[in-house]
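Peer 1: Structure in structure tokens, see below.
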Amino acid sequence: MGHIKIENLTKIYLNRRSRPRSQFEPDDCTDDNVLVLNDINLEFEEGEMVCILGPSGCGKSTLLRIIAGFEKSTYGKVRVGGKKISGPSAQSIFVFQHSGLLPWMTVAQNVGLGLRFMKDEPEKENKISEYIEMVELEGFESYYPYQLSGGMKRRAELARALAVNPDLLIMDEPFSGLDFLTHMKMREEVVNMHEFLNKTTLVVTHDIDDALIMGDRVVVMSGRPSTIKLIKKMEFSRPRDFERDSDLSRLRSELFLMLGVPYAV
Ligand SMILES: Nc1ncnc2c1ncn2[C@@H]1O[C@H](COP(=O)(O)OP(=O)(O)OP(=O)(O)O)[C@@H](O)[C@H]1O
Ligand SMILES: [Mg+2]
């Protein structure tokens with residue numbers, strides 16, 4: 001179910017509003033086309049975690065939105081679990097968003113959102129506790145989001161995503177805005193959870209180290225119009241430490257260079 005195949009995916013945005021509507025002729029839109037994704041071919045295996053890197057504005061979020069069914073491709077096909085994507089699917093695909101918690105609900109109620117179709121109340125309660133425990137938020141079940149720190153909120157969001165038990169988990173810059181230490185801890189948590197639950201997970205990140213540490217594969221996209229520049233299978237043992245592993249360190253430098261920074265920082 002979590003297998004994804006992307007074939008000849010092209011996305012063009014038509015910027016029709018650049019001219020007043022009264023002056024707009026259908027043929028004009030060709031002047032204002034923005035070619036974002038250009039003939040992308042990718043395949044994600046069931047259960048793998050793939051990290052996607054690319055310069056800002058290259059179309060990473062667009063790609064994720066098309067896979068999640070929020071956006072239509074201009075050309076090409078995306079299949080999830082063999083089925084062509086025709087729209088958002090709440091049960092099979094979960095998009096992890098920060099600030100996704102509902103402020104009027106407690107942590108337990110937020111985590112329980114994905115389980116609202118479960119009829120058996122005691123079983124539902126158990127499941128909620130299980131996921132809250134997984135992200136180490138025991139004792140905070142009855143707290144509201146405003147009573148949590150940034151990192152705690154992010155962990156609650158993660159528990160909520162996992163409770164849905166989706167076939168595919170999509171994360172667009174999941175650690176942005178977190179402080180350095182919380183970022184590292186959350187990253188560790190996502191890696192551990194992925195090893196435990198084995199869900200197909202796509203992570204877009206700006207952070208090369210995130211990709212090196214988390215990914216079973218790393219995909220690098222070029223600047224717009226975006227193509228796939230690199231697909232790298234990460235055959236490095238875990239836990240990964242690029243300061244000790246010279247191959248990983250070399251790859252790190254290559255990725256920096258590929259993304260336009262001539263030296264690794
Ligand atoms: N709804 C839209 N209408 C028109 N153009 C859009 C729309 N959404 C995105 N774009 C354009 O598509 C391009 C890619 O945007 P996207 O958000 O996918 O980039 P990104 O790689 O996620 O960037 P970042 O790393 O900064 O988040 C940008 O040039 C953006 O202006
Ligand atoms: Mg983006």
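Labels used: A, B, ... for chains in the order of the structure tokens, numbers from 1 for residues in each chain, and numbers from 1 for ligands as shown.
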Neighbours of ligand 2 within 12 Å, counting only C-alpha atoms and all ligand atoms, as a list in words?
Peer 2: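 Result of the 12 Å neighbour search around ligand 2: Ile52, Leu53, Gly54, Pro55, Ser56, Gly57, Cys58, Gly59, Lys60, Ser61, Thr62, Leu63, Leu64, Arg65, Gln97, Met171, Asp172, Glu173, Pro174, Ser176, Val203, Val204, Thr205 and His206 of chain A.
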Peer 1: Which residues come within 6 Å of range 150-165 of chain A, counting only C-alpha atoms, excluding same-chain residues fewer than 2 positions away, as a short mmCIF file (atom, residue, chain, number, x, y, z; two decimals) with N, CA and C atoms, in the first residue's frame?
Peer 2:
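Result written to around_30.cif:
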data_model
loop_
_atom_site.label_atom_id
_atom_site.label_comp_id
_atom_site.auth_asym_id
_atom_site.auth_seq_id
_atom_site.Cartn_x
_atom_site.Cartn_y
_atom_site.Cartn_z
N VAL A 111 -4.67 13.51 19.63
CA VAL A 111 -4.11 12.23 19.18
C VAL A 111 -5.25 11.29 18.77
N GLY A 114 -7.49 10.86 14.84
CA GLY A 114 -7.34 9.87 13.77
C GLY A 114 -8.02 8.55 14.12
N TYR A 131 0.32 5.74 21.88
CA TYR A 131 1.03 6.72 21.04
C TYR A 131 1.57 7.89 21.87
N VAL A 135 5.76 8.97 22.26
CA VAL A 135 6.43 10.27 22.08
C VAL A 135 6.75 10.94 23.43
N LEU A 148 1.79 23.66 26.04
CA LEU A 148 2.95 22.83 25.69
C LEU A 148 4.07 23.68 25.10
#
Peer 1: When distances are computed from only C-alpha atoms, which of A:Asn38, A:Thr227, A:Asp209, A:Val218 shows the smallest separation from Phe256 in chain A?
Peer 2: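 Counting only C-alpha atoms, the residue closest to Phe256 in chain A is A:Asp209.
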Peer 1: Write out as a PDB file with N, CA and C atoms, in the first residue's frame the set of residues from range 33-159 of chain A that DSSP, computed on the backbone, places in helix (DSSP H, G or I).
Peer 2:
ATOM      1  N   LYS A  60       9.586  21.146  -4.040  1.00  0.00           N
ATOM      2  CA  LYS A  60       9.506  20.000  -3.121  1.00  0.00           C
ATOM      3  C   LYS A  60       8.108  19.879  -2.512  1.00  0.00           C
ATOM      4  N   SER A  61       7.595  21.010  -2.027  1.00  0.00           N
ATOM      5  CA  SER A  61       6.255  20.970  -1.413  1.00  0.00           C
ATOM      6  C   SER A  61       5.203  20.651  -2.466  1.00  0.00           C
ATOM      7  N   THR A  62       5.420  21.175  -3.673  1.00  0.00           N
ATOM      8  CA  THR A  62       4.480  20.878  -4.764  1.00  0.00           C
ATOM      9  C   THR A  62       4.443  19.369  -5.023  1.00  0.00           C
ATOM     10  N   LEU A  63       5.626  18.764  -5.065  1.00  0.00           N
ATOM     11  CA  LEU A  63       5.705  17.318  -5.290  1.00  0.00           C
ATOM     12  C   LEU A  63       4.940  16.567  -4.195  1.00  0.00           C
ATOM     13  N   LEU A  64       5.167  16.967  -2.928  1.00  0.00           N
ATOM     14  CA  LEU A  64       4.475  16.290  -1.820  1.00  0.00           C
ATOM     15  C   LEU A  64       2.961  16.486  -1.920  1.00  0.00           C
ATOM     16  N   ARG A  65       2.564  17.706  -2.297  1.00  0.00           N
ATOM     17  CA  ARG A  65       1.116  17.987  -2.382  1.00  0.00           C
ATOM     18  C   ARG A  65       0.464  17.160  -3.487  1.00  0.00           C
ATOM     19  N   ILE A  66       1.201  16.935  -4.573  1.00  0.00           N
ATOM     20  CA  ILE A  66       0.644  16.106  -5.662  1.00  0.00           C
ATOM     21  C   ILE A  66       0.519  14.656  -5.186  1.00  0.00           C
ATOM     22  N   ILE A  67       1.567  14.168  -4.487  1.00  0.00           N
ATOM     23  CA  ILE A  67       1.513  12.779  -3.994  1.00  0.00           C
ATOM     24  C   ILE A  67       0.343  12.621  -3.009  1.00  0.00           C
ATOM     25  N   ALA A  68       0.139  13.661  -2.174  1.00  0.00           N
ATOM     26  CA  ALA A  68      -0.935  13.589  -1.171  1.00  0.00           C
ATOM     27  C   ALA A  68      -2.321  13.805  -1.786  1.00  0.00           C
ATOM     28  N   VAL A 107      -4.279  17.185  24.396  1.00  0.00           N
ATOM     29  CA  VAL A 107      -3.324  16.309  23.697  1.00  0.00           C
ATOM     30  C   VAL A 107      -4.004  14.980  23.364  1.00  0.00           C
ATOM     31  N   ALA A 108      -4.680  14.391  24.353  1.00  0.00           N
ATOM     32  CA  ALA A 108      -5.316  13.089  24.127  1.00  0.00           C
ATOM     33  C   ALA A 108      -6.393  13.183  23.038  1.00  0.00           C
ATOM     34  N   GLN A 109      -7.159  14.258  23.060  1.00  0.00           N
ATOM     35  CA  GLN A 109      -8.223  14.403  22.047  1.00  0.00           C
ATOM     36  C   GLN A 109      -7.629  14.615  20.658  1.00  0.00           C
ATOM     37  N   ASN A 110      -6.534  15.386  20.594  1.00  0.00           N
ATOM     38  CA  ASN A 110      -5.871  15.598  19.310  1.00  0.00           C
ATOM     39  C   ASN A 110      -5.330  14.283  18.759  1.00  0.00           C
ATOM     40  N   VAL A 111      -4.669  13.513  19.631  1.00  0.00           N
ATOM     41  CA  VAL A 111      -4.106  12.230  19.178  1.00  0.00           C
ATOM     42  C   VAL A 111      -5.246  11.293  18.766  1.00  0.00           C
ATOM     43  N   GLY A 112      -6.380  11.418  19.472  1.00  0.00           N
ATOM     44  CA  GLY A 112      -7.525  10.537  19.195  1.00  0.00           C
ATOM     45  C   GLY A 112      -8.288  10.897  17.926  1.00  0.00           C
ATOM     46  N   LEU A 113      -7.945  12.054  17.330  1.00  0.00           N
ATOM     47  CA  LEU A 113      -8.681  12.487  16.126  1.00  0.00           C
ATOM     48  C   LEU A 113      -8.652  11.444  15.015  1.00  0.00           C
ATOM     49  N   GLY A 114      -7.486  10.865  14.843  1.00  0.00           N
ATOM     50  CA  GLY A 114      -7.340   9.870  13.775  1.00  0.00           C
ATOM     51  C   GLY A 114      -8.017   8.551  14.119  1.00  0.00           C
ATOM     52  N   LEU A 115      -8.439   8.418  15.371  1.00  0.00           N
ATOM     53  CA  LEU A 115      -9.042   7.149  15.803  1.00  0.00           C
ATOM     54  C   LEU A 115     -10.545   7.315  16.019  1.00  0.00           C
ATOM     55  N   GLU A 121     -14.481   1.923  22.809  1.00  0.00           N
ATOM     56  CA  GLU A 121     -13.883   3.041  23.568  1.00  0.00           C
ATOM     57  C   GLU A 121     -12.621   2.635  24.355  1.00  0.00           C
ATOM     58  N   PRO A 122     -12.685   1.519  25.158  1.00  0.00           N
ATOM     59  CA  PRO A 122     -11.471   1.151  25.920  1.00  0.00           C
ATOM     60  C   PRO A 122     -10.269   0.895  25.007  1.00  0.00           C
ATOM     61  N   GLU A 123     -10.516   0.264  23.856  1.00  0.00           N
ATOM     62  CA  GLU A 123      -9.410  -0.016  22.935  1.00  0.00           C
ATOM     63  C   GLU A 123      -8.838   1.296  22.373  1.00  0.00           C
ATOM     64  N   LYS A 124      -9.754   2.218  22.107  1.00  0.00           N
ATOM     65  CA  LYS A 124      -9.347   3.523  21.591  1.00  0.00           C
ATOM     66  C   LYS A 124      -8.478   4.253  22.627  1.00  0.00           C
ATOM     67  N   GLU A 125      -8.931   4.199  23.897  1.00  0.00           N
ATOM     68  CA  GLU A 125      -8.161   4.833  24.973  1.00  0.00           C
ATOM     69  C   GLU A 125      -6.754   4.236  25.057  1.00  0.00           C
ATOM     70  N   ASN A 126      -6.693   2.907  24.927  1.00  0.00           N
ATOM     71  CA  ASN A 126      -5.392   2.215  24.979  1.00  0.00           C
ATOM     72  C   ASN A 126      -4.474   2.680  23.871  1.00  0.00           C
ATOM     73  N   LYS A 127      -5.055   2.778  22.694  1.00  0.00           N
ATOM     74  CA  LYS A 127      -4.261   3.209  21.529  1.00  0.00           C
ATOM     75  C   LYS A 127      -3.733   4.627  21.748  1.00  0.00           C
ATOM     76  N   ILE A 128      -4.605   5.508  22.241  1.00  0.00           N
ATOM     77  CA  ILE A 128      -4.185   6.892  22.478  1.00  0.00           C
ATOM     78  C   ILE A 128      -3.019   6.902  23.473  1.00  0.00           C
ATOM     79  N   SER A 129      -3.158   6.129  24.561  1.00  0.00           N
ATOM     80  CA  SER A 129      -2.079   6.084  25.565  1.00  0.00           C
ATOM     81  C   SER A 129      -0.796   5.543  24.958  1.00  0.00           C
ATOM     82  N   GLU A 130      -0.941   4.527  24.109  1.00  0.00           N
ATOM     83  CA  GLU A 130       0.231   3.898  23.481  1.00  0.00           C
ATOM     84  C   GLU A 130       1.037   4.937  22.687  1.00  0.00           C
ATOM     85  N   TYR A 131       0.322   5.740  21.876  1.00  0.00           N
ATOM     86  CA  TYR A 131       1.033   6.717  21.039  1.00  0.00           C
ATOM     87  C   TYR A 131       1.574   7.886  21.871  1.00  0.00           C
ATOM     88  N   ILE A 132       0.838   8.244  22.913  1.00  0.00           N
ATOM     89  CA  ILE A 132       1.318   9.329  23.771  1.00  0.00           C
ATOM     90  C   ILE A 132       2.596   8.887  24.496  1.00  0.00           C
ATOM     91  N   GLU A 133       2.597   7.626  24.891  1.00  0.00           N
ATOM     92  CA  GLU A 133       3.779   7.063  25.555  1.00  0.00           C
ATOM     93  C   GLU A 133       4.970   7.019  24.594  1.00  0.00           C
ATOM     94  N   MET A 134       4.674   6.668  23.347  1.00  0.00           N
ATOM     95  CA  MET A 134       5.716   6.549  22.327  1.00  0.00           C
ATOM     96  C   MET A 134       6.479   7.863  22.150  1.00  0.00           C
ATOM     97  N   PRO A 145      -2.854  22.568  23.649  1.00  0.00           N
ATOM     98  CA  PRO A 145      -1.632  22.937  22.926  1.00  0.00           C
ATOM     99  C   PRO A 145      -0.931  24.186  23.469  1.00  0.00           C
ATOM    100  N   TYR A 146      -1.704  25.194  23.907  1.00  0.00           N
ATOM    101  CA  TYR A 146      -1.039  26.424  24.382  1.00  0.00           C
ATOM    102  C   TYR A 146      -0.228  26.191  25.655  1.00  0.00           C
ATOM    103  N   GLN A 147      -0.481  25.064  26.334  1.00  0.00           N
ATOM    104  CA  GLN A 147       0.249  24.767  27.568  1.00  0.00           C
ATOM    105  C   GLN A 147       1.512  23.943  27.302  1.00  0.00           C
ATOM    106  N   GLY A 150       7.262  24.181  22.307  1.00  0.00           N
ATOM    107  CA  GLY A 150       7.317  23.923  20.864  1.00  0.00           C
ATOM    108  C   GLY A 150       7.625  22.459  20.561  1.00  0.00           C
ATOM    109  N   GLY A 151       8.601  21.912  21.271  1.00  0.00           N
ATOM    110  CA  GLY A 151       9.012  20.530  21.033  1.00  0.00           C
ATOM    111  C   GLY A 151       7.918  19.544  21.433  1.00  0.00           C
ATOM    112  N   MET A 152       7.238  19.852  22.546  1.00  0.00           N
ATOM    113  CA  MET A 152       6.147  18.964  23.002  1.00  0.00           C
ATOM    114  C   MET A 152       5.008  18.975  21.991  1.00  0.00           C
ATOM    115  N   LYS A 153       4.734  20.154  21.449  1.00  0.00           N
ATOM    116  CA  LYS A 153       3.674  20.252  20.428  1.00  0.00           C
ATOM    117  C   LYS A 153       4.029  19.373  19.241  1.00  0.00           C
ATOM    118  N   ARG A 154       5.282  19.465  18.827  1.00  0.00           N
ATOM    119  CA  ARG A 154       5.724  18.708  17.655  1.00  0.00           C
ATOM    120  C   ARG A 154       5.600  17.204  17.937  1.00  0.00           C
ATOM    121  N   ARG A 155       5.908  16.803  19.190  1.00  0.00           N
ATOM    122  CA  ARG A 155       5.789  15.376  19.522  1.00  0.00           C
ATOM    123  C   ARG A 155       4.322  14.938  19.521  1.00  0.00           C
ATOM    124  N   ALA A 156       3.460  15.830  20.021  1.00  0.00           N
ATOM    125  CA  ALA A 156       2.022  15.508  20.010  1.00  0.00           C
ATOM    126  C   ALA A 156       1.521  15.379  18.566  1.00  0.00           C
ATOM    127  N   GLU A 157       2.039  16.240  17.690  1.00  0.00           N
ATOM    128  CA  GLU A 157       1.646  16.187  16.270  1.00  0.00           C
ATOM    129  C   GLU A 157       2.095  14.864  15.648  1.00  0.00           C
ATOM    130  N   LEU A 158       3.286  14.444  16.070  1.00  0.00           N
ATOM    131  CA  LEU A 158       3.806  13.179  15.549  1.00  0.00           C
ATOM    132  C   LEU A 158       2.939  12.008  16.031  1.00  0.00           C
ATOM    133  N   ALA A 159       2.560  12.042  17.305  1.00  0.00           N
ATOM    134  CA  ALA A 159       1.702  10.974  17.851  1.00  0.00           C
ATOM    135  C   ALA A 159       0.376  10.943  17.096  1.00  0.00           C
TER     136      ALA A 159
END
Peer 1: Hey, which of A:Asp167, A:Asp179, A:Glu136, A:Glu141 ends up closest to Thr201 in chain A? Count only C-alpha atoms.
Peer 2: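 Ranked by minimum distance to Thr201 in chain A, first place goes to A:Asp167.
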Peer 1: Between CA of Phe96 in chain A and CA of Pro166 in chain A, what is the distance, to one decimal in Å?
Peer 2: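 Taking CA of Phe96 in chain A and CA of Pro166 in chain A, their separation equals 11.0 Å.
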Peer 1: When DSSP is applied to the backbone of this structure, which of range 80-259 of chain A are assigned strand (DSSP E or B)? Write them out as a PyMOL selection string.
Peer 2: chain A and resi 80+83-84+93-96+168-172+200-204+217-221+226+228-233
Peer 1: Provide the CA of His183 in chain A to CA of Gly215 in chain A distance in Å, to one decimal place.
Peer 2: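 About the pair CA of His183 in chain A and CA of Gly215 in chain A: they are 15.8 Å apart.
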Peer 1: Report, in Å with one decimal, the straight-line distance from atom 16 (P, counted along the ligand's line) of ligand 1 to CA of Pro103 in chain A.
Peer 2: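 Spanning atom 16 (P, counted along the ligand's line) of ligand 1 to CA of Pro103 in chain A is a straight-line distance of 27.2 Å.
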Peer 1: Between A:Lys119, A:Lys233, A:Lys199, A:Arg224, which is the closest to ligand 1 once you count only C-alpha atoms and all ligand atoms?
Peer 2: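 The closest residue to ligand 1 is A:Arg224.
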Peer 1: So which one's closest to Val191 in chain A, A:Val220, A:Met49, A:Pro88, A:Met234? Using only C-alpha atoms, please.
Peer 2: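 Nearest candidate to Val191 in chain A out of A:Val220, A:Met49, A:Pro88, A:Met234: A:Met49.
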Peer 1: Could you pull the residues within 12 Å of Gly69 in chain A, counting only C-alpha atoms, minus those fewer than 4 positions along the same chain, as a ChimeraX atom specification?
Peer 2: /A:62-65,73,77-80,83-90,92-95,170
Peer 1: Let's have the selection written as a PDB file, in the first residue's frame, with C-alpha atoms.
Peer 2:
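Saved the output as out15.pdb:
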ATOM      1  CA  THR A  62       4.480  20.878  -4.764  1.00  0.00           C
ATOM      2  CA  LEU A  63       5.705  17.318  -5.290  1.00  0.00           C
ATOM      3  CA  LEU A  64       4.475  16.290  -1.820  1.00  0.00           C
ATOM      4  CA  ARG A  65       1.116  17.987  -2.382  1.00  0.00           C
ATOM      5  CA  SER A  73      -0.231  17.201 -11.906  1.00  0.00           C
ATOM      6  CA  LYS A  77       0.970   9.824 -13.229  1.00  0.00           C
ATOM      7  CA  VAL A  78       1.340   9.187  -9.519  1.00  0.00           C
ATOM      8  CA  ARG A  79       0.276   5.836  -8.115  1.00  0.00           C
ATOM      9  CA  VAL A  80       0.143   5.016  -4.421  1.00  0.00           C
ATOM     10  CA  LYS A  83      -3.871   3.208  -7.427  1.00  0.00           C
ATOM     11  CA  LYS A  84      -3.881   6.452  -9.329  1.00  0.00           C
ATOM     12  CA  ILE A  85      -4.189   9.426  -7.004  1.00  0.00           C
ATOM     13  CA  SER A  86      -7.453  11.272  -7.562  1.00  0.00           C
ATOM     14  CA  GLY A  87      -7.713  13.356  -4.376  1.00  0.00           C
ATOM     15  CA  PRO A  88      -6.759  13.470  -0.717  1.00  0.00           C
ATOM     16  CA  SER A  89      -7.132  10.213   1.179  1.00  0.00           C
ATOM     17  CA  ALA A  90      -7.480  10.732   4.920  1.00  0.00           C
ATOM     18  CA  SER A  92      -4.001   6.030   3.693  1.00  0.00           C
ATOM     19  CA  ILE A  93      -1.926   9.206   3.541  1.00  0.00           C
ATOM     20  CA  PHE A  94      -1.151  11.512   6.415  1.00  0.00           C
ATOM     21  CA  VAL A  95       0.523  14.844   5.939  1.00  0.00           C
ATOM     22  CA  ILE A 170       4.466  12.801   4.376  1.00  0.00           C
TER      23      ILE A 170
END
Peer 1: Nearest residue to ligand 1 out of A:Glu48, A:Glu235, A:Ser226, A:Leu101, using only C-alpha atoms and all ligand atoms?
Peer 2: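 Smallest separation from ligand 1 among the options: A:Ser226.
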Peer 1: Using only C-alpha atoms, determine which residues lie at most 9 Å from Tyr75 in chain A, disregarding the query and same-chain residues fewer than 3 positions distant; provide the list as a list in words.
Peer 2: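 Non-adjacent residues within range: Asn8, Leu9, Thr10, Lys11, Ile12, Asp39 and Lys72 of chain A.
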Peer 1: Convert the current residue selection to file output with C-alpha atoms, as a short mmCIF file (atom, residue, chain, number, x, y, z; two decimals), in the first residue's frame.
Peer 2:
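Below is the file that was written, part.cif:
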data_model
loop_
_atom_site.label_atom_id
_atom_site.label_comp_id
_atom_site.auth_asym_id
_atom_site.auth_seq_id
_atom_site.Cartn_x
_atom_site.Cartn_y
_atom_site.Cartn_z
CA ASN A 8 6.78 11.61 -16.13
CA LEU A 9 5.37 14.04 -13.60
CA THR A 10 5.27 17.61 -14.83
CA LYS A 11 3.70 20.54 -13.04
CA ILE A 12 3.08 23.90 -14.64
CA ASP A 39 9.36 15.11 -16.10
CA LYS A 72 -3.15 17.90 -9.63
#
Peer 1: With only C-alpha atoms as the counted atoms, please give the residues lying no more than 12 Å from Leu248 in chain A, apart from itself and same-chain residues fewer than 5 positions off, as a compact mmCIF listing (two decimals) with C-alpha atoms, in the first residue's frame.
Peer 2:
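Written file, part03.txt:
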# COMPACT_ATOMS: atom_id res chain seq x y z
CA ILE A 208 21.54 17.97 4.72
CA ASP A 209 22.40 16.33 8.05
CA ALA A 211 18.82 13.60 5.20
CA LEU A 212 22.13 11.86 5.95
CA ILE A 213 21.01 10.62 9.33
CA LYS A 232 21.41 7.87 -3.38
CA LYS A 233 20.80 4.64 -1.50
CA MET A 234 22.14 5.12 2.02
CA GLU A 235 23.93 1.92 2.87
CA PHE A 236 25.47 3.31 6.04
CA SER A 237 24.88 1.55 9.35
CA ARG A 238 22.96 3.34 12.09
CA PRO A 239 23.46 5.29 14.25
CA ARG A 240 25.16 7.42 11.61
CA ASP A 241 27.96 9.76 12.53
CA PHE A 242 29.50 11.71 9.66
CA GLU A 243 32.38 12.82 11.86
CA SER A 253 30.47 17.51 1.25
CA GLU A 254 29.13 16.39 -2.16
CA LEU A 255 25.58 17.26 -1.13
Peer 1: Find, counting only C-alpha atoms and all ligand atoms, the residue in A:Ile231, A:Met221, A:Met118, A:Val190 that gets nearest to ligand 1.
Peer 2: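 Among the listed residues, the smallest separation from ligand 1 belongs to A:Met221.
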